[in-house]
Amino acid sequence: MIKKNTYVLIKKIILDHEDRTAHLPDDTKRVDYVMKIKGLLTHDANLNDEVTILSDTHRLIKGKLIEVNPSYTHSYGEHLDEVLKMKSIILSEMEDLNHD
Amino acid sequence: MTDYDKVMSKKLDIMKKSLKLDYQKFELEGIAFDYEKMMTDQGYDFSDVRRIQLENNVGNTPLIELKNITAYARKFAKEGYGARIFLKDEAQNLSGSFKARRAAISVYHAKKLGYKGVVAATSGNYGAAVAAMAARLGLKCIIVQECFDSNEKNQPEIIEKARRCEAYGAEVVQLSVGPELFYEFLNILESTHYFNASLYSPYGVMGIETLGYEIAEELLKKEGKYPEVVIATNAGGGNLTGTARGLKYHGAKTTQIIGASVDLSGLHMASDKDFNLKSFTTGHTGFGIPFATFPDRSDVPRSAARPLRYMDEYVLVNQGSVFFMTEALSLLEGMERGPAGNTSLAAAFSIAQTLPKDHIIVVQESEYTGAGKHFNAQISFAKQQGIKLKFGNPLEEIPGTNLIFPNSGKDVKHKKLNMMDLKKSYLKRYKDHIFSNLELKYLEAEIRLDQKDILRLMEEINESTS
């Protein structure tokens, strides 16, 4: 059970794929138009329940509860030999100039 | 009528209430409207704009001569060539980009009109800029982003921008891929009664005029002349438009204005599948070309961003070269900045080699960098999406298939777009339309061609079958 007032992420279908605008590439037309938004749960619920949240600007929004206490995990990415190679190209091409 | 059609049919009414700006009063006749009146009839003169920005820690950013980058470019230029490259370090603005200049005026105006909050549709740095200003002025803020594909995979760069908005107290609405963002944006404006802090309102563009003005002012003081060239990264067109207007306002009328975009040809901007194959989510041709050739596709009835009025040349660089120059800026100048803002730097590096040594090129922006928004994060993400990483001729890069990094600084090259083709493409939507004299006069300013050339292009368009 996820308690009322827990910070959660919900997902809501804004437009069913059949109701999407014309003039879309086929791959986009086939999928629903979806929104995600965070806020405080207004009642106790379980994961994947249809719930109502109170958003940061105090809007009540309904949607499917998909994550509890959502956090950021984006990073600087993995090590890349290509970045090392660019570094070595730039530094070696500037080496003679630095010793002028 | 579907919900979608119902909301879209109320578009003009919602726009009007959310901007309190009657665009009708600028309409002239047919396709023509009074652009200058729209830009100057908003109750803010240049000194007001400057004052509002300075009060909010926006503007007066340093203009730095990139001596080592210039030396690097000169290695590949013929004797006597290799213009001096300067960078306007816009990353120093409140919220980390030049977008703070635009947000400063929009959000100030919202507060002045008594709105309780602001909404902006943006997946870029403008979100953080609006959020930061809203925080300062005590307004609520909602940022609406296009963020993830149907596999719910997010663009890392956009996630970082969301984080920054939330840091300033904004609410972030994240959407899947598609132009229906505008539908949800209208829904939010209608239900909240907040102000539409559009990038394309007069406020969103007049805020950038100070950028061009500062460049002109500072170079005149330091170097005794205006720059020969200013390069602006071009997406929606506001950056280039505002900068050029500010330069001209100061008196720099002969400075050449060059737009630069990352070449993403072949990737469809509304494609769910292509969304995460991009390594740049802004500053690219997917916005740059459609917004230059049809500015009024934006989220206001008449866009204040009209790049063809000011652009002397439009050049493209590839993704691999921009990453390479981002690395060079860190290694040679000690300035770690975000990749998208360095699009015009990559173009400047190549263009400098075609200009005499005593010429000055100004790269008019930089942006902050960080997790997600770092070039290493972007390249790493591309690799995970199956994009091949290669070294070779950057001009052979195929967007969505590979990233090609240069083997040497000498391989960083720009590609010129044909301005006449762009102007023709602008005119295509008026196929079979008979222009009045007033409309022709409007077009002369709008695409900077004389009537004779406009009529010649129209003849070609009318004769073509497509």
# chains A, B, ... in the order shown; residues from 1 in each chain; ligands from 1
$ residues_around --residues "segment 15-32 of chain A" --least-positions-apart "4" --cutoff "9 Å" --atoms "only C-alpha atoms" --output "PyMOL selection string"
chain B and resi 2-5+150+176-180+268+270-273
$ closest_atom_pairs --of "chain B" --to "chain A" --cutoff "6 Å" --atoms "only C-alpha atoms" --output "JSON lines"
{"residue": "B:Glu171", "atom": "CA", "partner": "A:Asp56", "partner_atom": "CA", "distance": 5.3}
{"residue": "B:Val173", "atom": "CA", "partner": "A:Ile37", "partner_atom": "CA", "distance": 5.4}
{"residue": "B:Gln174", "atom": "CA", "partner": "A:Lys36", "partner_atom": "CA", "distance": 5.1}
{"residue": "B:Leu175", "atom": "CA", "partner": "A:Met35", "partner_atom": "CA", "distance": 4.5}
{"residue": "B:Ser176", "atom": "CA", "partner": "A:Val34", "partner_atom": "CA", "distance": 5.3}
{"residue": "B:Ser271", "atom": "CA", "partner": "A:Thr28", "partner_atom": "CA", "distance": 5.6}
{"residue": "B:Asp272", "atom": "CA", "partner": "A:Thr28", "partner_atom": "CA", "distance": 5.0}
{"residue": "B:Ala371", "atom": "CA", "partner": "A:Ser75", "partner_atom": "CA", "distance": 4.6}
{"residue": "B:Gly372", "atom": "CA", "partner": "A:Ser75", "partner_atom": "CA", "distance": 5.4}
{"residue": "B:Asn376", "atom": "CA", "partner": "A:Tyr76", "partner_atom": "CA", "distance": 5.9}
{"residue": "B:Ala377", "atom": "CA", "partner": "A:Gly77", "partner_atom": "CA", "distance": 4.2}
{"residue": "B:Ser380", "atom": "CA", "partner": "A:Gly77", "partner_atom": "CA", "distance": 5.3}
$ select_by_dssp --residues "chain A" --states "alpha helix (DSSP H)" --output "list in words"
Asp26, Asp27, Thr28, Lys29, Asp81, Glu82, Val83, Leu84, Lys85, Met86, Lys87, Ser88, Ile89, Ile90, Leu91, Ser92, Glu93, Met94, Glu95, Asp96, Leu97 and Asn98 of chain A
$ residues_around --residues "Thr42 of chain A" --least-positions-apart "5" --cutoff "8 Å" --atoms "only C-alpha atoms" --output "tab-separated table (two decimals) with C-alpha atoms, in the first residue's frame"
chain	number	residue	atom	x	y	z
A	4	LYS	CA	-1.64	9.26	0.83
A	5	ASN	CA	0.72	12.28	0.36
A	51	VAL	CA	-5.23	7.62	-8.83
A	52	THR	CA	-5.54	11.37	-8.35
A	53	ILE	CA	-2.53	13.49	-7.53
A	54	LEU	CA	-2.04	17.08	-6.46
$ residues_around --residues "Thr293 of chain B" --least-positions-apart "6" --cutoff "7 Å" --atoms "only C-alpha atoms" --output "PyMOL selection string"
chain B and resi 422-423+425-426
$ atom_distance --atom1 "atom CA of Gly96 of chain B" --atom2 "atom CA of Lys225 of chain B"
28.6 Å
$ closest_residue --among "B:Ile188, B:Ala103, B:Val229, B:Leu427" --to "Thr354 of chain B" --atoms "only C-alpha atoms"
B:Val229
$ select_by_dssp --residues "segment 118-227 of chain B" --states "strand (DSSP E or B)" --output "list of chain:residue names"
B:Val118, B:Val119, B:Ala120, B:Ala121, B:Lys140, B:Cys141, B:Ile142, B:Ile143, B:Val144, B:Gln145, B:Glu146, B:Cys147, B:Phe148, B:Asn154, B:Glu171, B:Val172, B:Val173, B:Gln174, B:Leu175, B:Ser176, B:Phe195, B:Asn196
$ write_last_selection --atoms "C-alpha atoms" --output "short mmCIF file (atom, residue, chain, number, x, y, z; two decimals), in the first residue's frame"
data_model
loop_
_atom_site.label_atom_id
_atom_site.label_comp_id
_atom_site.auth_asym_id
_atom_site.auth_seq_id
_atom_site.Cartn_x
_atom_site.Cartn_y
_atom_site.Cartn_z
CA VAL B 118 2.99 31.21 -16.60
CA VAL B 119 3.04 28.24 -18.97
CA ALA B 120 5.67 27.55 -21.62
CA ALA B 121 5.85 24.82 -24.23
CA LYS B 140 3.43 29.65 -10.55
CA CYS B 141 5.05 27.95 -13.51
CA ILE B 142 4.19 24.97 -15.71
CA ILE B 143 6.64 23.73 -18.36
CA VAL B 144 5.30 21.42 -21.06
CA GLN B 145 7.94 19.19 -22.67
CA GLU B 146 8.11 16.62 -25.44
CA CYS B 147 10.24 14.11 -23.61
CA PHE B 148 9.90 10.37 -24.30
CA ASN B 154 13.60 9.76 -22.35
CA GLU B 171 5.72 21.84 -12.46
CA VAL B 172 6.87 19.80 -15.46
CA VAL B 173 4.40 18.08 -17.77
CA GLN B 174 6.18 15.46 -19.86
CA LEU B 175 4.68 14.22 -23.10
CA SER B 176 5.37 11.55 -25.67
CA PHE B 195 -0.01 33.50 -19.13
CA ASN B 196 1.38 31.98 -22.33
#
$ atom_distance --atom1 "atom CA of Arg245 of chain B" --atom2 "atom CA of Leu443 of chain B"
18.0 Å
$ residues_around --residues "Leu139 of chain B" --least-positions-apart "6" --cutoff "8 Å" --atoms "only C-alpha atoms" --output "ChimeraX atom specification"
/B:111,115-118
$ atom_distance --atom1 "atom CA of Pro301 of chain B" --atom2 "atom CA of Ser18 of chain B"
12.3 Å
$ residues_around --residues "Gly392 of chain B" --least-positions-apart "6" --cutoff "10 Å" --atoms "only C-alpha atoms" --output "PDB file with C-alpha atoms, in the first residue's frame"
ATOM      1  CA  GLY B 320      30.133  14.923 -34.725  1.00  0.00           C
ATOM      2  CA  LEU B 403      27.905  10.139 -35.759  1.00  0.00           C
ATOM      3  CA  ILE B 404      31.068  11.064 -37.664  1.00  0.00           C
ATOM      4  CA  PHE B 405      33.790  12.832 -35.702  1.00  0.00           C
ATOM      5  CA  PRO B 406      36.593  14.628 -37.538  1.00  0.00           C
ATOM      6  CA  ASN B 407      40.069  13.062 -37.594  1.00  0.00           C
ATOM      7  CA  SER B 408      41.534  16.547 -37.406  1.00  0.00           C
ATOM      8  CA  ASP B 411      37.913  18.358 -41.204  1.00  0.00           C
TER       9      ASP B 411
END
$ residues_around --residues "Ile2 of chain A" --least-positions-apart "5" --cutoff "10 Å" --atoms "only C-alpha atoms" --output "list in words"
Tyr7, Val8, Leu41, His43, Asp44, Ala45, Asn46, Leu47, Leu65 and Val68 of chain A
$ write_last_selection --atoms "N, CA and C atoms" --output "mmCIF file, in the first residue's frame"
data_model
loop_
_atom_site.group_PDB
_atom_site.id
_atom_site.type_symbol
_atom_site.label_atom_id
_atom_site.label_comp_id
_atom_site.auth_asym_id
_atom_site.auth_seq_id
_atom_site.Cartn_x
_atom_site.Cartn_y
_atom_site.Cartn_z
ATOM 1 N N TYR A 7 4.967 11.167 -2.738
ATOM 2 C CA TYR A 7 5.284 11.802 -4.029
ATOM 3 C C TYR A 7 5.384 10.704 -5.085
ATOM 4 N N VAL A 8 4.596 10.825 -6.148
ATOM 5 C CA VAL A 8 4.536 9.741 -7.144
ATOM 6 C C VAL A 8 4.557 10.303 -8.570
ATOM 7 N N LEU A 41 0.098 12.006 -3.871
ATOM 8 C CA LEU A 41 -1.055 11.116 -3.925
ATOM 9 C C LEU A 41 -2.148 11.645 -2.979
ATOM 10 N N HIS A 43 -4.798 9.962 -1.993
ATOM 11 C CA HIS A 43 -5.433 8.865 -1.240
ATOM 12 C C HIS A 43 -4.498 7.670 -1.246
ATOM 13 N N ASP A 44 -4.698 6.730 -0.359
ATOM 14 C CA ASP A 44 -3.890 5.497 -0.367
ATOM 15 C C ASP A 44 -4.160 4.746 -1.668
ATOM 16 N N ALA A 45 -3.136 4.082 -2.195
ATOM 17 C CA ALA A 45 -3.319 3.353 -3.462
ATOM 18 C C ALA A 45 -2.227 2.313 -3.637
ATOM 19 N N ASN A 46 -2.347 1.526 -4.693
ATOM 20 C CA ASN A 46 -1.320 0.554 -5.055
ATOM 21 C C ASN A 46 -0.730 0.931 -6.410
ATOM 22 N N LEU A 47 0.443 0.387 -6.676
ATOM 23 C CA LEU A 47 1.074 0.613 -7.968
ATOM 24 C C LEU A 47 0.114 0.172 -9.076
ATOM 25 N N LEU A 65 -0.782 5.199 -11.520
ATOM 26 C CA LEU A 65 0.404 5.356 -10.677
ATOM 27 C C LEU A 65 1.507 4.431 -11.189
ATOM 28 N N VAL A 68 6.907 5.338 -7.486
ATOM 29 C CA VAL A 68 6.835 5.943 -6.160
ATOM 30 C C VAL A 68 8.158 6.655 -5.876
#
